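Structure file query-v5.cif (mmCIF, N, CA and C atoms) follows.
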```
data_coords
loop_
_atom_site.label_atom_id
_atom_site.label_comp_id
_atom_site.auth_asym_id
_atom_site.auth_seq_id
_atom_site.Cartn_x
_atom_site.Cartn_y
_atom_site.Cartn_z
N VAL A 1 -58.43 -64.06 -26.75
CA VAL A 1 -59.12 -62.86 -27.15
C VAL A 1 -59.33 -62.93 -28.65
N ASP A 2 -60.55 -62.71 -29.05
CA ASP A 2 -60.87 -62.74 -30.48
C ASP A 2 -60.07 -61.69 -31.24
N GLY A 3 -59.57 -62.09 -32.40
CA GLY A 3 -58.85 -61.16 -33.27
C GLY A 3 -57.40 -60.93 -32.86
N MET A 4 -56.92 -61.63 -31.85
CA MET A 4 -55.53 -61.45 -31.42
C MET A 4 -54.76 -62.73 -31.73
N ASP A 5 -53.62 -62.56 -32.36
CA ASP A 5 -52.76 -63.69 -32.71
C ASP A 5 -51.63 -63.75 -31.69
N ASP A 6 -51.75 -64.64 -30.70
CA ASP A 6 -50.77 -64.74 -29.62
C ASP A 6 -49.37 -65.06 -30.14
N VAL A 7 -49.28 -65.91 -31.15
CA VAL A 7 -47.98 -66.29 -31.70
C VAL A 7 -47.30 -65.07 -32.32
N ALA A 8 -48.06 -64.31 -33.08
CA ALA A 8 -47.50 -63.10 -33.71
C ALA A 8 -47.13 -62.06 -32.66
N GLU A 9 -47.97 -61.91 -31.64
CA GLU A 9 -47.68 -60.94 -30.57
C GLU A 9 -46.40 -61.33 -29.82
N PHE A 10 -46.25 -62.63 -29.56
CA PHE A 10 -45.05 -63.10 -28.87
C PHE A 10 -43.81 -62.85 -29.73
N ALA A 11 -43.92 -63.14 -31.02
CA ALA A 11 -42.80 -62.90 -31.93
C ALA A 11 -42.44 -61.42 -31.97
N ASP A 12 -43.44 -60.55 -32.00
CA ASP A 12 -43.19 -59.10 -31.99
C ASP A 12 -42.48 -58.69 -30.69
N MET A 13 -42.90 -59.27 -29.57
CA MET A 13 -42.30 -58.92 -28.29
C MET A 13 -40.84 -59.36 -28.24
N THR A 14 -40.56 -60.59 -28.66
CA THR A 14 -39.17 -61.05 -28.64
C THR A 14 -38.32 -60.28 -29.64
N LYS A 15 -38.88 -59.88 -30.74
CA LYS A 15 -38.15 -59.04 -31.71
C LYS A 15 -37.82 -57.69 -31.07
N ALA A 16 -38.78 -57.10 -30.36
CA ALA A 16 -38.54 -55.82 -29.68
C ALA A 16 -37.45 -55.96 -28.63
N MET A 17 -37.44 -57.08 -27.92
CA MET A 17 -36.38 -57.32 -26.94
C MET A 17 -35.02 -57.42 -27.62
N SER A 18 -35.00 -58.06 -28.78
CA SER A 18 -33.75 -58.17 -29.53
C SER A 18 -33.28 -56.80 -30.02
N VAL A 19 -34.21 -55.96 -30.45
CA VAL A 19 -33.87 -54.61 -30.88
C VAL A 19 -33.24 -53.83 -29.72
N MET A 20 -33.69 -54.12 -28.50
CA MET A 20 -33.14 -53.47 -27.31
C MET A 20 -31.83 -54.13 -26.85
N ASN A 21 -31.30 -55.01 -27.69
CA ASN A 21 -30.04 -55.72 -27.43
C ASN A 21 -30.11 -56.67 -26.24
N LEU A 22 -31.29 -57.18 -25.92
CA LEU A 22 -31.39 -58.24 -24.91
C LEU A 22 -31.04 -59.56 -25.58
N GLN A 23 -30.09 -60.27 -24.98
CA GLN A 23 -29.69 -61.57 -25.50
C GLN A 23 -30.80 -62.59 -25.19
N PRO A 24 -30.85 -63.69 -25.92
CA PRO A 24 -31.89 -64.71 -25.67
C PRO A 24 -31.94 -65.16 -24.21
N GLU A 25 -30.79 -65.28 -23.55
CA GLU A 25 -30.78 -65.70 -22.15
C GLU A 25 -31.45 -64.64 -21.27
N GLU A 26 -31.20 -63.37 -21.59
CA GLU A 26 -31.80 -62.27 -20.83
C GLU A 26 -33.31 -62.22 -21.09
N GLN A 27 -33.71 -62.47 -22.32
CA GLN A 27 -35.14 -62.50 -22.65
C GLN A 27 -35.83 -63.61 -21.84
N TRP A 28 -35.16 -64.75 -21.74
CA TRP A 28 -35.71 -65.87 -20.98
C TRP A 28 -35.89 -65.49 -19.52
N GLU A 29 -34.90 -64.78 -18.95
CA GLU A 29 -35.00 -64.35 -17.56
C GLU A 29 -36.15 -63.38 -17.35
N VAL A 30 -36.36 -62.48 -18.29
CA VAL A 30 -37.50 -61.54 -18.21
C VAL A 30 -38.81 -62.31 -18.22
N LEU A 31 -38.93 -63.27 -19.12
CA LEU A 31 -40.16 -64.07 -19.20
C LEU A 31 -40.38 -64.88 -17.93
N LYS A 32 -39.31 -65.40 -17.35
CA LYS A 32 -39.44 -66.15 -16.10
C LYS A 32 -39.93 -65.24 -14.97
N LEU A 33 -39.41 -64.02 -14.91
CA LEU A 33 -39.85 -63.10 -13.85
C LEU A 33 -41.31 -62.72 -14.01
N VAL A 34 -41.73 -62.48 -15.24
CA VAL A 34 -43.14 -62.15 -15.49
C VAL A 34 -44.03 -63.32 -15.08
N ALA A 35 -43.62 -64.52 -15.46
CA ALA A 35 -44.40 -65.71 -15.09
C ALA A 35 -44.43 -65.88 -13.58
N CYS A 36 -43.32 -65.60 -12.91
CA CYS A 36 -43.27 -65.71 -11.45
C CYS A 36 -44.26 -64.74 -10.80
N VAL A 37 -44.27 -63.50 -11.27
CA VAL A 37 -45.20 -62.51 -10.72
C VAL A 37 -46.64 -62.98 -10.89
N LEU A 38 -46.95 -63.50 -12.05
CA LEU A 38 -48.32 -63.98 -12.29
C LEU A 38 -48.66 -65.17 -11.38
N HIS A 39 -47.72 -66.08 -11.20
CA HIS A 39 -47.98 -67.25 -10.35
C HIS A 39 -48.01 -66.91 -8.87
N LEU A 40 -47.29 -65.86 -8.46
CA LEU A 40 -47.37 -65.44 -7.06
C LEU A 40 -48.80 -65.05 -6.69
N GLY A 41 -49.53 -64.50 -7.65
CA GLY A 41 -50.92 -64.11 -7.40
C GLY A 41 -51.83 -65.28 -7.08
N ASN A 42 -51.41 -66.49 -7.41
CA ASN A 42 -52.20 -67.69 -7.11
C ASN A 42 -52.03 -68.16 -5.67
N ILE A 43 -51.02 -67.64 -4.99
CA ILE A 43 -50.76 -68.07 -3.62
C ILE A 43 -51.73 -67.36 -2.69
N ASP A 44 -52.47 -68.14 -1.94
CA ASP A 44 -53.45 -67.60 -1.00
C ASP A 44 -53.12 -68.13 0.40
N PHE A 45 -53.62 -67.43 1.39
CA PHE A 45 -53.30 -67.77 2.77
C PHE A 45 -54.56 -68.06 3.57
N ALA A 46 -54.42 -68.96 4.51
CA ALA A 46 -55.51 -69.29 5.43
C ALA A 46 -55.02 -68.95 6.84
N GLU A 47 -55.99 -68.66 7.71
CA GLU A 47 -55.65 -68.35 9.09
C GLU A 47 -55.56 -69.65 9.89
N ASN A 48 -54.50 -69.74 10.66
CA ASN A 48 -54.31 -70.90 11.53
C ASN A 48 -53.90 -70.37 12.90
N GLY A 49 -54.87 -70.15 13.77
CA GLY A 49 -54.59 -69.62 15.10
C GLY A 49 -53.99 -68.23 15.07
N ASN A 50 -54.58 -67.32 14.33
CA ASN A 50 -54.13 -65.93 14.18
C ASN A 50 -52.89 -65.77 13.30
N TYR A 51 -52.40 -66.84 12.73
CA TYR A 51 -51.21 -66.78 11.89
C TYR A 51 -51.53 -67.25 10.49
N ALA A 52 -50.74 -66.77 9.54
CA ALA A 52 -50.95 -67.13 8.14
C ALA A 52 -50.23 -68.43 7.81
N GLN A 53 -50.89 -69.21 6.98
CA GLN A 53 -50.22 -70.35 6.37
C GLN A 53 -50.70 -70.42 4.93
N VAL A 54 -49.84 -70.88 4.05
CA VAL A 54 -50.20 -70.98 2.64
C VAL A 54 -51.31 -72.02 2.52
N ARG A 55 -52.39 -71.61 1.85
CA ARG A 55 -53.57 -72.48 1.74
C ARG A 55 -53.25 -73.77 0.97
N ASP A 56 -52.50 -73.66 -0.13
CA ASP A 56 -52.15 -74.83 -0.93
C ASP A 56 -50.68 -74.72 -1.31
N ALA A 57 -49.85 -75.53 -0.69
CA ALA A 57 -48.39 -75.46 -0.89
C ALA A 57 -47.98 -75.76 -2.33
N ASN A 58 -48.86 -76.43 -3.09
CA ASN A 58 -48.53 -76.71 -4.49
C ASN A 58 -48.33 -75.43 -5.29
N PHE A 59 -48.99 -74.35 -4.89
CA PHE A 59 -48.87 -73.09 -5.60
C PHE A 59 -47.52 -72.40 -5.35
N LEU A 60 -46.73 -72.91 -4.43
CA LEU A 60 -45.40 -72.36 -4.16
C LEU A 60 -44.35 -72.91 -5.12
N GLN A 61 -44.59 -74.11 -5.63
CA GLN A 61 -43.56 -74.83 -6.37
C GLN A 61 -43.06 -74.09 -7.62
N PHE A 62 -43.97 -73.69 -8.48
CA PHE A 62 -43.53 -73.11 -9.75
C PHE A 62 -42.90 -71.73 -9.60
N PRO A 63 -43.49 -70.80 -8.82
CA PRO A 63 -42.79 -69.52 -8.67
C PRO A 63 -41.43 -69.68 -7.99
N ALA A 64 -41.32 -70.61 -7.05
CA ALA A 64 -40.02 -70.86 -6.40
C ALA A 64 -39.01 -71.35 -7.43
N TYR A 65 -39.43 -72.25 -8.28
CA TYR A 65 -38.56 -72.75 -9.34
C TYR A 65 -38.12 -71.61 -10.26
N LEU A 66 -39.05 -70.75 -10.63
CA LEU A 66 -38.74 -69.67 -11.57
C LEU A 66 -37.72 -68.68 -11.02
N ILE A 67 -37.74 -68.46 -9.71
CA ILE A 67 -36.76 -67.52 -9.14
C ILE A 67 -35.58 -68.24 -8.52
N GLY A 68 -35.56 -69.55 -8.61
CA GLY A 68 -34.40 -70.32 -8.20
C GLY A 68 -34.22 -70.49 -6.70
N VAL A 69 -35.34 -70.59 -5.98
CA VAL A 69 -35.27 -70.85 -4.54
C VAL A 69 -36.10 -72.09 -4.22
N ASP A 70 -35.87 -72.63 -3.05
CA ASP A 70 -36.63 -73.77 -2.57
C ASP A 70 -38.04 -73.31 -2.17
N ALA A 71 -39.04 -74.12 -2.44
CA ALA A 71 -40.42 -73.76 -2.11
C ALA A 71 -40.61 -73.55 -0.60
N ASP A 72 -39.88 -74.30 0.20
CA ASP A 72 -39.97 -74.11 1.66
C ASP A 72 -39.44 -72.74 2.08
N LEU A 73 -38.38 -72.29 1.42
CA LEU A 73 -37.83 -70.97 1.72
C LEU A 73 -38.82 -69.88 1.31
N LEU A 74 -39.43 -70.03 0.14
CA LEU A 74 -40.44 -69.06 -0.30
C LEU A 74 -41.59 -69.02 0.69
N ASN A 75 -42.04 -70.18 1.14
CA ASN A 75 -43.11 -70.26 2.14
C ASN A 75 -42.71 -69.52 3.41
N GLU A 76 -41.50 -69.77 3.88
CA GLU A 76 -41.01 -69.13 5.11
C GLU A 76 -40.98 -67.61 4.96
N LYS A 77 -40.50 -67.14 3.82
CA LYS A 77 -40.37 -65.69 3.62
C LYS A 77 -41.72 -65.01 3.43
N LEU A 78 -42.71 -65.75 2.95
CA LEU A 78 -44.05 -65.17 2.77
C LEU A 78 -44.87 -65.17 4.06
N THR A 79 -44.53 -66.04 5.01
CA THR A 79 -45.37 -66.18 6.20
C THR A 79 -44.68 -65.77 7.50
N SER A 80 -43.44 -65.30 7.42
CA SER A 80 -42.75 -64.88 8.64
C SER A 80 -41.75 -63.77 8.32
N LYS A 81 -41.30 -63.12 9.38
CA LYS A 81 -40.25 -62.11 9.23
C LYS A 81 -39.30 -62.24 10.40
N ILE A 82 -38.11 -61.72 10.22
CA ILE A 82 -37.10 -61.77 11.27
C ILE A 82 -37.00 -60.39 11.91
N MET A 83 -37.17 -60.37 13.21
CA MET A 83 -37.05 -59.13 13.97
C MET A 83 -35.71 -59.17 14.71
N GLU A 84 -35.00 -58.06 14.65
CA GLU A 84 -33.72 -57.96 15.32
C GLU A 84 -33.78 -56.80 16.30
N SER A 85 -33.48 -57.07 17.55
CA SER A 85 -33.46 -56.00 18.55
C SER A 85 -32.06 -55.89 19.12
N ARG A 86 -31.66 -54.66 19.31
CA ARG A 86 -30.32 -54.40 19.84
C ARG A 86 -30.46 -53.63 21.15
N TRP A 87 -29.74 -54.09 22.11
CA TRP A 87 -29.72 -53.42 23.40
C TRP A 87 -28.30 -53.50 23.92
N GLY A 88 -27.65 -52.35 23.98
CA GLY A 88 -26.25 -52.35 24.36
C GLY A 88 -25.44 -53.05 23.29
N GLY A 89 -24.65 -54.01 23.68
CA GLY A 89 -23.87 -54.77 22.70
C GLY A 89 -24.50 -56.09 22.34
N GLN A 90 -25.73 -56.29 22.79
CA GLN A 90 -26.40 -57.57 22.59
C GLN A 90 -27.43 -57.47 21.46
N VAL A 91 -27.50 -58.52 20.66
CA VAL A 91 -28.47 -58.58 19.56
C VAL A 91 -29.34 -59.82 19.75
N ASP A 92 -30.64 -59.61 19.78
CA ASP A 92 -31.59 -60.72 19.86
C ASP A 92 -32.33 -60.81 18.52
N VAL A 93 -32.37 -62.00 17.96
CA VAL A 93 -33.05 -62.23 16.69
C VAL A 93 -34.23 -63.15 16.96
N THR A 94 -35.41 -62.72 16.49
CA THR A 94 -36.63 -63.49 16.70
C THR A 94 -37.37 -63.62 15.37
N THR A 95 -37.87 -64.80 15.11
CA THR A 95 -38.71 -65.00 13.93
C THR A 95 -40.17 -64.82 14.34
N VAL A 96 -40.88 -63.96 13.62
CA VAL A 96 -42.27 -63.63 13.92
C VAL A 96 -43.14 -64.15 12.78
N THR A 97 -44.17 -64.92 13.12
CA THR A 97 -45.11 -65.41 12.12
C THR A 97 -46.11 -64.31 11.79
N LEU A 98 -46.39 -64.14 10.51
CA LEU A 98 -47.27 -63.07 10.04
C LEU A 98 -48.73 -63.46 10.10
N THR A 99 -49.58 -62.45 10.16
CA THR A 99 -51.02 -62.66 10.02
C THR A 99 -51.33 -62.83 8.53
N VAL A 100 -52.56 -63.20 8.23
CA VAL A 100 -52.96 -63.35 6.83
C VAL A 100 -52.80 -62.02 6.09
N GLU A 101 -53.24 -60.94 6.70
CA GLU A 101 -53.13 -59.63 6.06
C GLU A 101 -51.67 -59.26 5.79
N GLN A 102 -50.80 -59.52 6.74
CA GLN A 102 -49.38 -59.23 6.56
C GLN A 102 -48.76 -60.12 5.47
N ALA A 103 -49.17 -61.38 5.43
CA ALA A 103 -48.65 -62.30 4.43
C ALA A 103 -49.10 -61.88 3.02
N LEU A 104 -50.34 -61.43 2.90
CA LEU A 104 -50.82 -60.95 1.60
C LEU A 104 -50.02 -59.72 1.17
N TYR A 105 -49.76 -58.84 2.10
CA TYR A 105 -48.98 -57.64 1.80
C TYR A 105 -47.55 -58.04 1.37
N THR A 106 -46.96 -59.02 2.05
CA THR A 106 -45.61 -59.48 1.72
C THR A 106 -45.57 -60.10 0.34
N ARG A 107 -46.57 -60.93 0.01
CA ARG A 107 -46.67 -61.54 -1.31
C ARG A 107 -46.76 -60.46 -2.38
N ASP A 108 -47.62 -59.48 -2.16
CA ASP A 108 -47.80 -58.41 -3.15
C ASP A 108 -46.54 -57.56 -3.28
N ALA A 109 -45.85 -57.33 -2.18
CA ALA A 109 -44.60 -56.56 -2.22
C ALA A 109 -43.54 -57.31 -3.01
N LEU A 110 -43.47 -58.61 -2.85
CA LEU A 110 -42.52 -59.42 -3.61
C LEU A 110 -42.84 -59.35 -5.10
N ALA A 111 -44.12 -59.39 -5.43
CA ALA A 111 -44.52 -59.33 -6.84
C ALA A 111 -44.17 -57.99 -7.48
N LYS A 112 -44.19 -56.94 -6.65
CA LYS A 112 -43.87 -55.61 -7.19
C LYS A 112 -42.39 -55.52 -7.47
#
```

Could I get this file's structure written as structure tokens?
Amino acid sequence: VDGMDDVAEFADMTKAMSVMNLQPEEQWEVLKLVACVLHLGNIDFAENGNYAQVRDANFLQFPAYLIGVDADLLNEKLTSKIMESRWGGQVDVTTVTLTVEQALYTRDALAK
């Protein structure tokens, strides 16, 4: 953006975090979370037989790294959910694959 000094703005932001008594490690964690939210927006889904699948798995790698999980786990959590049904003393657990619309909603909910 014309007229904006990114280096100065970043320095002002980290100074403000320090004024709020955030330690450098905590500041780093905040920056990682912000970067993760931004990178989650790059994840898109394609339909594969009425079910969602991540269009490009490469987009899972960096946000997974930033939040400290495996990219395969992030993929699983974005494209499926676990349903638990109880009847009497019995519990049945089923994994349900999400539609594209549901996967987009899950991605956006994670970002929030």

Could you expand the PyMOL selection byres (((chain A and resi 31 and name CA) around 12) and name CA) into the explicit residues it covers here, written as a tab-separated table (two decimals) with N, CA and C atoms, keeping the file's coordinate frame?
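Wrote it out as expr22.tsv, contents follow:
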```tsv
chain	number	residue	atom	x	y	z
A	10	PHE	N	-46.25	-62.63	-29.56
A	10	PHE	CA	-45.05	-63.10	-28.87
A	10	PHE	C	-43.81	-62.85	-29.73
A	13	MET	N	-42.90	-59.27	-29.57
A	13	MET	CA	-42.30	-58.92	-28.29
A	13	MET	C	-40.84	-59.36	-28.24
A	14	THR	N	-40.56	-60.59	-28.66
A	14	THR	CA	-39.17	-61.05	-28.64
A	14	THR	C	-38.32	-60.28	-29.64
A	17	MET	N	-37.44	-57.08	-27.92
A	17	MET	CA	-36.38	-57.32	-26.94
A	17	MET	C	-35.02	-57.42	-27.62
A	22	LEU	N	-31.29	-57.18	-25.92
A	22	LEU	CA	-31.39	-58.24	-24.91
A	22	LEU	C	-31.04	-59.56	-25.58
A	24	PRO	N	-30.85	-63.69	-25.92
A	24	PRO	CA	-31.89	-64.71	-25.67
A	24	PRO	C	-31.94	-65.16	-24.21
A	25	GLU	N	-30.79	-65.28	-23.55
A	25	GLU	CA	-30.78	-65.70	-22.15
A	25	GLU	C	-31.45	-64.64	-21.27
A	26	GLU	N	-31.20	-63.37	-21.59
A	26	GLU	CA	-31.80	-62.27	-20.83
A	26	GLU	C	-33.31	-62.22	-21.09
A	27	GLN	N	-33.71	-62.47	-22.32
A	27	GLN	CA	-35.14	-62.50	-22.65
A	27	GLN	C	-35.83	-63.61	-21.84
A	28	TRP	N	-35.16	-64.75	-21.74
A	28	TRP	CA	-35.71	-65.87	-20.98
A	28	TRP	C	-35.89	-65.49	-19.52
A	29	GLU	N	-34.90	-64.78	-18.95
A	29	GLU	CA	-35.00	-64.35	-17.56
A	29	GLU	C	-36.15	-63.38	-17.35
A	30	VAL	N	-36.36	-62.48	-18.29
A	30	VAL	CA	-37.50	-61.54	-18.21
A	30	VAL	C	-38.81	-62.31	-18.22
A	32	LYS	N	-39.31	-65.40	-17.35
A	32	LYS	CA	-39.44	-66.15	-16.10
A	32	LYS	C	-39.93	-65.24	-14.97
A	33	LEU	N	-39.41	-64.02	-14.91
A	33	LEU	CA	-39.85	-63.10	-13.85
A	33	LEU	C	-41.31	-62.72	-14.01
A	34	VAL	N	-41.73	-62.48	-15.24
A	34	VAL	CA	-43.14	-62.15	-15.49
A	34	VAL	C	-44.03	-63.32	-15.08
A	35	ALA	N	-43.62	-64.52	-15.46
A	35	ALA	CA	-44.40	-65.71	-15.09
A	35	ALA	C	-44.43	-65.88	-13.58
A	36	CYS	N	-43.32	-65.60	-12.91
A	36	CYS	CA	-43.27	-65.71	-11.45
A	36	CYS	C	-44.26	-64.74	-10.80
A	37	VAL	N	-44.27	-63.50	-11.27
A	37	VAL	CA	-45.20	-62.51	-10.72
A	37	VAL	C	-46.64	-62.98	-10.89
A	38	LEU	N	-46.95	-63.50	-12.05
A	38	LEU	CA	-48.32	-63.98	-12.29
A	38	LEU	C	-48.66	-65.17	-11.38
A	66	LEU	N	-39.05	-70.75	-10.63
A	66	LEU	CA	-38.74	-69.67	-11.57
A	66	LEU	C	-37.72	-68.68	-11.02
A	67	ILE	N	-37.74	-68.46	-9.71
A	67	ILE	CA	-36.76	-67.52	-9.14
A	67	ILE	C	-35.58	-68.24	-8.52
```

- Query: Can you tell me, as a ChimeraX atom specification, what residues are no more than 10 Å from Leu74 (chain A) when counting only C-alpha atoms, ignoring any on the same chain fewer than 3 positions away?
  - Reply: /A:60-61,63-65,67,69-71,77-79,107

| field | Two-atom distance - CA of Lys112 (chain A), CA of Leu40 (chain A) (Å) | value |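 Value for the CA of Lys112 (chain A)-CA of Leu40 (chain A) distance: 10.4 Å.
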
Checklist entry - What gap, in Å, lies between CA of Val19 (chain A) and CA of Met4 (chain A)? => result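 Here the two named atoms are 22.7 Å from each other.
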
- Task: Within chain A, find each residue whose DSSP state, derived from the backbone, is strand (DSSP E), and express the selection as an MDAnalysis selection string.
- Result: chainID A and resid 45:48 51:54 80:87 90:97

Computed interatomic separation between CA of Leu104 (chain A) and CA of Lys81 (chain A) (Å):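 Interatomic distance, CA of Leu104 (chain A) to CA of Lys81 (chain A): 13.1 Å.
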
If the PyMOL selection byres ((chain A and resi 96) around 5) were run on this exact file, what residues would it hold? Put them as a list of chain:residue names.
A:Ser80, A:Lys81, A:Ile82, A:Thr94, A:Thr95, A:Thr97, A:Leu98

Practice item. Do a neighbour search on Asp44 (chain A) at 6 Å with only N, CA and C atoms, toss out local chain neighbours closer than 5 positions, and write the hits as number ranges by chain. Key: A: 53-56

If you count only C-alpha atoms, the residue of A:Asn42, A:Glu47, A:Val1, A:Glu9 closest to Gln102 (chain A) turns out to be A:Glu47

Taking every listed atom of region 12-21 of chain A and adding 4 Å to each side, what centre and edge lengths in Å (one decimal) does the axis-aligned box have, as AutoDock Vina command-line options?
```
--center_x -36.7 --center_y -57.3 --center_z -29.1 --size_x 21.4 --size_y 15.6 --size_z 13.8
```

* To do: Determine the nearest neighbour of Val100 (chain A) from the options A:Asp12, A:Met83, A:Asn48, A:His39, counting only N, CA and C atoms.
  =>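 Ranked by minimum distance to Val100 (chain A), first place goes to A:Asn48.
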
For Thr99 (chain A), which residue among A:Gly68, A:Tyr51, A:Glu76, A:Ser85 is the nearest when counting only N, CA and C atoms?
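Of A:Gly68, A:Tyr51, A:Glu76, A:Ser85, the one nearest Thr99 (chain A) is A:Tyr51, counting only N, CA and C atoms.
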